[in-house]
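model.tsv (TSV, C-alpha atoms and all ligand atoms) appears below.
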chain	number	residue	atom	x	y	z
A	1498	MET	CA	270.17	-87.26	175.94
A	1499	ALA	CA	268.09	-85.37	173.40
A	1500	ARG	CA	265.56	-86.69	170.86
A	1501	PHE	CA	266.51	-86.04	167.25
A	1502	LEU	CA	264.46	-86.63	164.12
A	1503	ILE	CA	266.26	-87.12	160.82
A	1504	VAL	CA	263.92	-86.02	158.02
A	1505	GLU	CA	265.18	-87.53	154.78
A	1506	ALA	CA	264.00	-86.87	151.24
A	1507	ARG	CA	264.49	-90.26	149.67
A	1508	PHE	CA	265.15	-89.09	146.13
A	1509	TYR	CA	268.47	-90.88	145.53
A	1510	GLU	CA	268.44	-93.96	147.77
A	1511	HIS	CA	272.15	-94.95	147.75
A	1512	LEU	CA	273.26	-91.38	148.49
A	1513	ASN	CA	270.61	-90.96	151.18
A	1514	ASP	CA	271.70	-94.14	152.93
A	1515	MET	CA	275.22	-92.74	153.33
A	1516	LEU	CA	274.03	-89.34	154.53
A	1517	VAL	CA	271.64	-90.88	157.06
A	1518	ALA	CA	274.36	-93.26	158.29
A	1519	GLY	CA	276.71	-90.32	158.90
A	1520	ALA	CA	274.02	-88.31	160.68
A	1521	ARG	CA	272.91	-91.26	162.80
A	1522	ASN	CA	276.48	-92.06	163.79
A	1523	ALA	CA	277.17	-88.45	164.89
A	1524	LEU	CA	273.95	-88.27	166.93
A	1525	GLU	CA	274.25	-91.70	168.55
A	1526	SER	CA	277.96	-91.19	169.29
A	1527	ALA	CA	276.97	-88.05	171.20
A	1528	GLY	CA	274.44	-90.09	173.21
A	1529	HIS	CA	271.24	-88.89	171.53
A	1530	ALA	CA	268.12	-90.82	170.49
A	1531	VAL	CA	267.36	-90.94	166.76
A	1532	GLU	CA	264.24	-91.50	164.67
A	1533	VAL	CA	263.99	-91.23	160.89
A	1534	LEU	CA	261.06	-89.86	158.89
A	1535	THR	CA	261.00	-90.20	155.10
A	1536	VAL	CA	259.43	-87.67	152.71
A	1537	PRO	CA	259.32	-87.75	148.88
A	1538	GLY	CA	261.62	-84.82	148.04
A	1539	ALA	CA	263.62	-81.96	149.50
A	1540	LEU	CA	260.72	-79.54	149.06
A	1541	GLU	CA	258.70	-81.54	151.59
A	1542	ILE	CA	261.41	-81.39	154.30
A	1543	PRO	CA	260.61	-77.98	155.85
A	1544	GLY	CA	256.89	-78.76	156.10
A	1545	ALA	CA	257.59	-82.14	157.67
A	1546	ILE	CA	259.95	-80.61	160.23
A	1547	SER	CA	257.40	-77.91	161.04
A	1548	LEU	CA	254.69	-80.53	161.70
A	1549	ALA	CA	257.02	-82.73	163.76
A	1550	ALA	CA	258.23	-79.74	165.80
A	1551	GLU	CA	254.64	-78.88	166.72
A	1552	SER	CA	254.23	-82.38	168.20
A	1553	ASP	CA	256.86	-81.64	170.89
A	1554	GLN	CA	258.22	-85.16	170.43
A	1555	PHE	CA	261.67	-83.99	169.29
A	1556	ASP	CA	264.36	-81.60	170.48
A	1557	GLY	CA	266.22	-81.20	167.21
A	1558	PHE	CA	266.18	-82.12	163.54
A	1559	VAL	CA	268.53	-83.07	160.73
A	1560	ALA	CA	267.43	-82.46	157.14
A	1561	ILE	CA	268.88	-84.99	154.71
A	1562	GLY	CA	268.51	-84.94	150.94
A	1563	VAL	CA	270.26	-84.68	147.60
A	1564	VAL	CA	269.38	-82.24	144.84
A	1565	ILE	CA	271.26	-82.80	141.59
A	1566	ARG	CA	271.10	-80.17	138.84
A	1567	GLY	CA	269.01	-81.24	135.85
A	1568	GLU	CA	268.18	-79.42	132.65
A	1569	THR	CA	265.68	-76.89	133.92
A	1570	TYR	CA	265.18	-74.17	136.52
A	1571	HIS	CA	263.67	-76.81	138.83
A	1572	PHE	CA	267.06	-77.26	140.51
A	1573	GLU	CA	267.08	-73.64	141.71
A	1574	ILE	CA	263.54	-74.02	143.09
A	1575	VAL	CA	264.20	-77.25	144.97
A	1576	ALA	CA	267.64	-76.25	146.27
A	1577	GLY	CA	266.72	-72.67	147.17
A	1578	GLU	CA	263.26	-73.19	148.58
A	1579	SER	CA	264.22	-76.16	150.76
A	1580	ALA	CA	267.09	-74.11	152.23
A	1581	ARG	CA	264.83	-71.07	152.65
A	1582	GLY	CA	262.19	-73.15	154.47
A	1583	ILE	CA	264.77	-74.69	156.78
A	1584	MET	CA	266.31	-71.29	157.54
A	1585	ALA	CA	262.87	-69.84	158.34
A	1586	LEU	CA	262.27	-72.63	160.86
A	1587	THR	CA	265.77	-72.13	162.30
A	1588	MET	CA	265.03	-68.43	162.82
A	1589	ASP	CA	261.88	-69.48	164.69
A	1590	GLY	CA	264.17	-71.22	167.18
A	1591	ILE	CA	264.04	-74.83	165.95
A	1592	ALA	CA	267.42	-76.63	166.10
A	1593	ILE	CA	268.01	-77.96	162.57
A	1594	GLY	CA	271.14	-79.07	160.74
A	1595	ASN	CA	270.88	-78.75	156.97
A	1596	GLY	CA	272.33	-81.83	155.27
A	1597	ILE	CA	270.67	-81.33	151.88
A	1598	LEU	CA	273.35	-81.61	149.20
A	1599	THR	CA	272.89	-79.30	146.19
A	1600	VAL	CA	275.32	-80.53	143.56
A	1601	GLU	CA	276.11	-80.56	139.86
A	1602	ASP	CA	276.41	-84.32	139.46
A	1603	GLU	CA	276.33	-87.67	141.24
A	1604	GLN	CA	280.11	-87.78	141.72
A	1605	GLN	CA	280.05	-84.56	143.76
A	1606	ALA	CA	277.22	-86.04	145.82
A	1607	LEU	CA	279.05	-89.33	146.46
A	1608	VAL	CA	282.14	-87.63	147.89
A	1609	ARG	CA	280.00	-85.45	150.16
A	1610	ALA	CA	277.60	-88.18	151.30
A	1611	ASP	CA	280.24	-90.81	152.11
A	1612	PRO	CA	280.88	-90.91	155.91
A	1613	GLN	CA	284.51	-91.85	155.13
A	1614	GLN	CA	285.00	-88.74	152.98
A	1615	LYS	CA	283.23	-85.39	153.49
A	1616	ASP	CA	280.47	-86.86	155.72
A	1617	LYS	CA	277.98	-84.03	155.20
A	1618	GLY	CA	275.30	-86.01	157.05
A	1619	GLY	CA	277.49	-86.15	160.14
A	1620	GLU	CA	278.36	-82.48	159.74
A	1621	ALA	CA	274.66	-81.52	159.62
A	1622	ALA	CA	273.95	-83.62	162.72
A	1623	LYS	CA	276.75	-81.86	164.61
A	1624	ALA	CA	275.30	-78.49	163.55
A	1625	ALA	CA	271.90	-79.51	164.94
A	1626	ILE	CA	273.51	-80.56	168.23
A	1627	ALA	CA	275.35	-77.22	168.40
A	1628	LEU	CA	272.12	-75.27	167.86
A	1629	LEU	CA	270.32	-77.30	170.51
A	1630	ASP	CA	273.16	-76.57	172.93
A	1631	LEU	CA	272.77	-72.85	172.19
A	1632	GLN	CA	269.00	-73.07	172.67
A	1633	GLN	CA	269.58	-74.56	176.12
A	1634	LYS	CA	272.32	-72.04	176.97
A	1635	PHE	CA	270.07	-69.07	176.22
A	1636	ALA	CA	266.79	-70.56	177.52
Q	1701	LIG	N1	264.57	-82.89	141.71
Q	1701	LIG	C1	264.68	-83.21	143.02
Q	1701	LIG	C2	263.57	-83.19	143.86
Q	1701	LIG	N2	262.37	-82.84	143.35
Q	1701	LIG	C3	261.11	-83.16	143.98
Q	1701	LIG	C4	260.65	-82.08	144.93
Q	1701	LIG	O1	261.47	-82.03	146.08
Q	1701	LIG	C5	259.23	-82.38	145.39
Q	1701	LIG	O2	259.17	-83.64	146.03
Q	1701	LIG	C6	258.22	-82.37	144.27
Q	1701	LIG	O3	258.31	-81.15	143.55
Q	1701	LIG	C7	256.79	-82.50	144.81
Q	1701	LIG	O4	256.48	-81.46	145.71
Q	1701	LIG	N3	263.68	-83.50	145.17
Q	1701	LIG	C8	264.90	-83.87	145.70
Q	1701	LIG	O5	264.99	-84.16	146.91
Q	1701	LIG	N4	266.00	-83.91	144.88
Q	1701	LIG	C9	265.92	-83.58	143.57
Q	1701	LIG	O6	266.98	-83.64	142.87
Q	1702	LIG	C1	266.30	-80.93	140.91
Q	1702	LIG	C2	266.50	-81.03	139.45
Q	1702	LIG	O1	266.93	-80.08	138.86
Q	1702	LIG	C3	266.21	-82.25	138.68
Q	1702	LIG	O2	265.96	-83.41	139.38
Q	1702	LIG	C4	265.12	-81.98	137.72
Q	1702	LIG	O3	265.67	-82.19	136.47
Q	1702	LIG	P1	265.15	-81.40	135.17
Q	1702	LIG	O4	265.48	-79.96	135.38
Q	1702	LIG	O5	265.99	-82.02	134.07
Q	1702	LIG	O6	263.69	-81.66	135.05
Written as structure tokens, how would this file's structure read?
Ligand SMILES: Nc1c(NC[C@H](O)[C@H](O)[C@H](O)CO)[nH]c(=O)[nH]c1=O
Ligand SMILES: CC(=O)[C@@H](O)COP(=O)(O)O
Amino acid sequence: MARFLIVEARFYEHLNDMLVAGARNALESAGHAVEVLTVPGALEIPGAISLAAESDQFDGFVAIGVVIRGETYHFEIVAGESARGIMALTMDGIAIGNGILTVEDEQQALVRADPQQKDKGGEAAKAAIALLDLQQKFA
């Protein structure tokens, strides 16, 4: 049993609920313990994971969020920088699954968030479990 923290950017509540449900289900089905931490937006996720990782209270992390393109360049910043921050932490050896959707519209997000459809939350949780397994294999 490993200890996972889901860090969710609660920007679009109904979509987040589905992503978190999918991630929680994948983690708990695999026998892992789950806590959830909420941050305002996707840009805060890498920093929150970094702080939580330093506490040594968790073995792995799942980043959950939704970034929907608006009218300005802000989409590129939020989508790109959140992914860049998560990848930097991953390269430091932290087991993280990236479940931040970066989509054109709400309909694309709904299909991907729904655990009965694309279940991207569950997919991200499985990626985090796979990375933790690798960490233990090569420790
Ligand atoms: N536009 C979206 C954001 N923007 C907010 C930023 O993530 C951040 O919280 C703010 O700039 C303060 O630092 N966040 C999302 O998660 N999704 C979006 O679509
Ligand atoms: C992440 C985004 O692009 C969005 O929420 C911001 O919208 P806008 O570019 O219209 O300010």
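Between CA of Leu1548 in chain A and CA of Glu1532 in chain A lies a distance of 14.8 Å.
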(request) Report the distance between CA of Ala1550 in chain A and CA of Arg1500 in chain A in Å, rounded to one decimal place. (result) 11.3 Å
(message) Need to verify the contact set: Asp1553 in chain A, 12 Å, all atoms listed in the file, exclusion of same-chain residues closer than 4 positions in sequence. Can you return it as a list in words?
(response) Arg1500, Phe1501, Leu1502, Ile1546, Ser1547, Leu1548, Ala1549, Gly1557, Phe1558 and Ile1591 of chain A
(request) Could you report the residues within 7 Å of ligand LIG 1701 (chain Q), using only C-alpha atoms and all ligand atoms, as a VMD selection string? (result) chain A and resid 1506 to 1508 1537 to 1541 1562 to 1566 1571 to 1572 1575
(request) Kindly indicate which residue among A:Asp1602, A:Glu1620, A:Glu1525, A:Asp1611 lies nearest to ligand LIG 1702 (chain Q), using all atoms listed in the file for the distances. (result) A:Asp1602
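Coordinates place CA of Glu1505 in chain A at a distance of 4.5 Å from CA of Ile1561 in chain A.
Distance annotation: of A:Leu1607, A:Pro1543, A:Val1600, A:Ser1552, the residue with the minimal separation from Ala1580 in chain A is A:Pro1543; atom set is all atoms listed in the file.
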Around all the atoms of range 1523-1539 of chain A listed in the file, draw an axis-aligned box and extend it by 4 Å on each of the six sides; I want its centre and edge lengths in Å to one decimal, as AutoDock Vina command-line options.
--center_x 268.6 --center_y -86.8 --center_z 160.6 --size_x 26.6 --size_y 17.7 --size_z 33.2
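Minimum atom-to-atom distance to ligand LIG 1702 (chain Q), evaluated using only C-alpha atoms and all ligand atoms, belongs to A:Ile1574 out of A:Leu1598, A:Ile1574, A:Ile1503, A:Leu1631.
Counting only C-alpha atoms and all ligand atoms and comparing A:Ala1560, A:Ala1576, A:Met1498, A:Ala1545, the residue that lies closest to ligand LIG 1702 (chain Q) is A:Ala1576.
Shortest atom-to-atom contact with Gln1605 in chain A among A:Val1504, A:Leu1512, A:Ala1622, A:Ala1518: A:Leu1512, counting only C-alpha atoms.
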(request) Please tell me which residues are no farther than 9 Å from (265.0, -74.6, 158.2) in the file, counting only C-alpha atoms, and write them as a list in words. (result) Ile1542, Pro1543, Ile1546, Ser1547, Ala1560, Ser1579, Ala1580, Arg1581, Gly1582, Ile1583, Met1584, Ala1585, Leu1586, Thr1587, Met1588, Asp1589, Ile1591, Ala1592, Ile1593, Gly1594 and Asn1595 of chain A
Now that the selection is made, can you save its residues with C-alpha atoms as a CSV table (one decimal), in the frame of the given file?
chain,number,residue,atom,x,y,z
A,1542,ILE,CA,261.4,-81.4,154.3
A,1543,PRO,CA,260.6,-78.0,155.8
A,1546,ILE,CA,260.0,-80.6,160.2
A,1547,SER,CA,257.4,-77.9,161.0
A,1560,ALA,CA,267.4,-82.5,157.1
A,1579,SER,CA,264.2,-76.2,150.8
A,1580,ALA,CA,267.1,-74.1,152.2
A,1581,ARG,CA,264.8,-71.1,152.6
A,1582,GLY,CA,262.2,-73.2,154.5
A,1583,ILE,CA,264.8,-74.7,156.8
A,1584,MET,CA,266.3,-71.3,157.5
A,1585,ALA,CA,262.9,-69.8,158.3
A,1586,LEU,CA,262.3,-72.6,160.9
A,1587,THR,CA,265.8,-72.1,162.3
A,1588,MET,CA,265.0,-68.4,162.8
A,1589,ASP,CA,261.9,-69.5,164.7
A,1591,ILE,CA,264.0,-74.8,166.0
A,1592,ALA,CA,267.4,-76.6,166.1
A,1593,ILE,CA,268.0,-78.0,162.6
A,1594,GLY,CA,271.1,-79.1,160.7
A,1595,ASN,CA,270.9,-78.8,157.0
(message) Need to verify the contact set: Met1515 in chain A, 9 Å, all atoms listed in the file, exclusion of same-chain residues closer than 4 positions in sequence. Can you return it as JSON, numbers by chain?
(response) {"A": [1510, 1511, 1519, 1520, 1607, 1610, 1611, 1612, 1616, 1618]}
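Each of A:Glu1573, A:Gly1544, A:Val1559, A:Gln1632 was compared to Glu1601 in chain A using only C-alpha atoms, and A:Glu1573 turns out to be the nearest.
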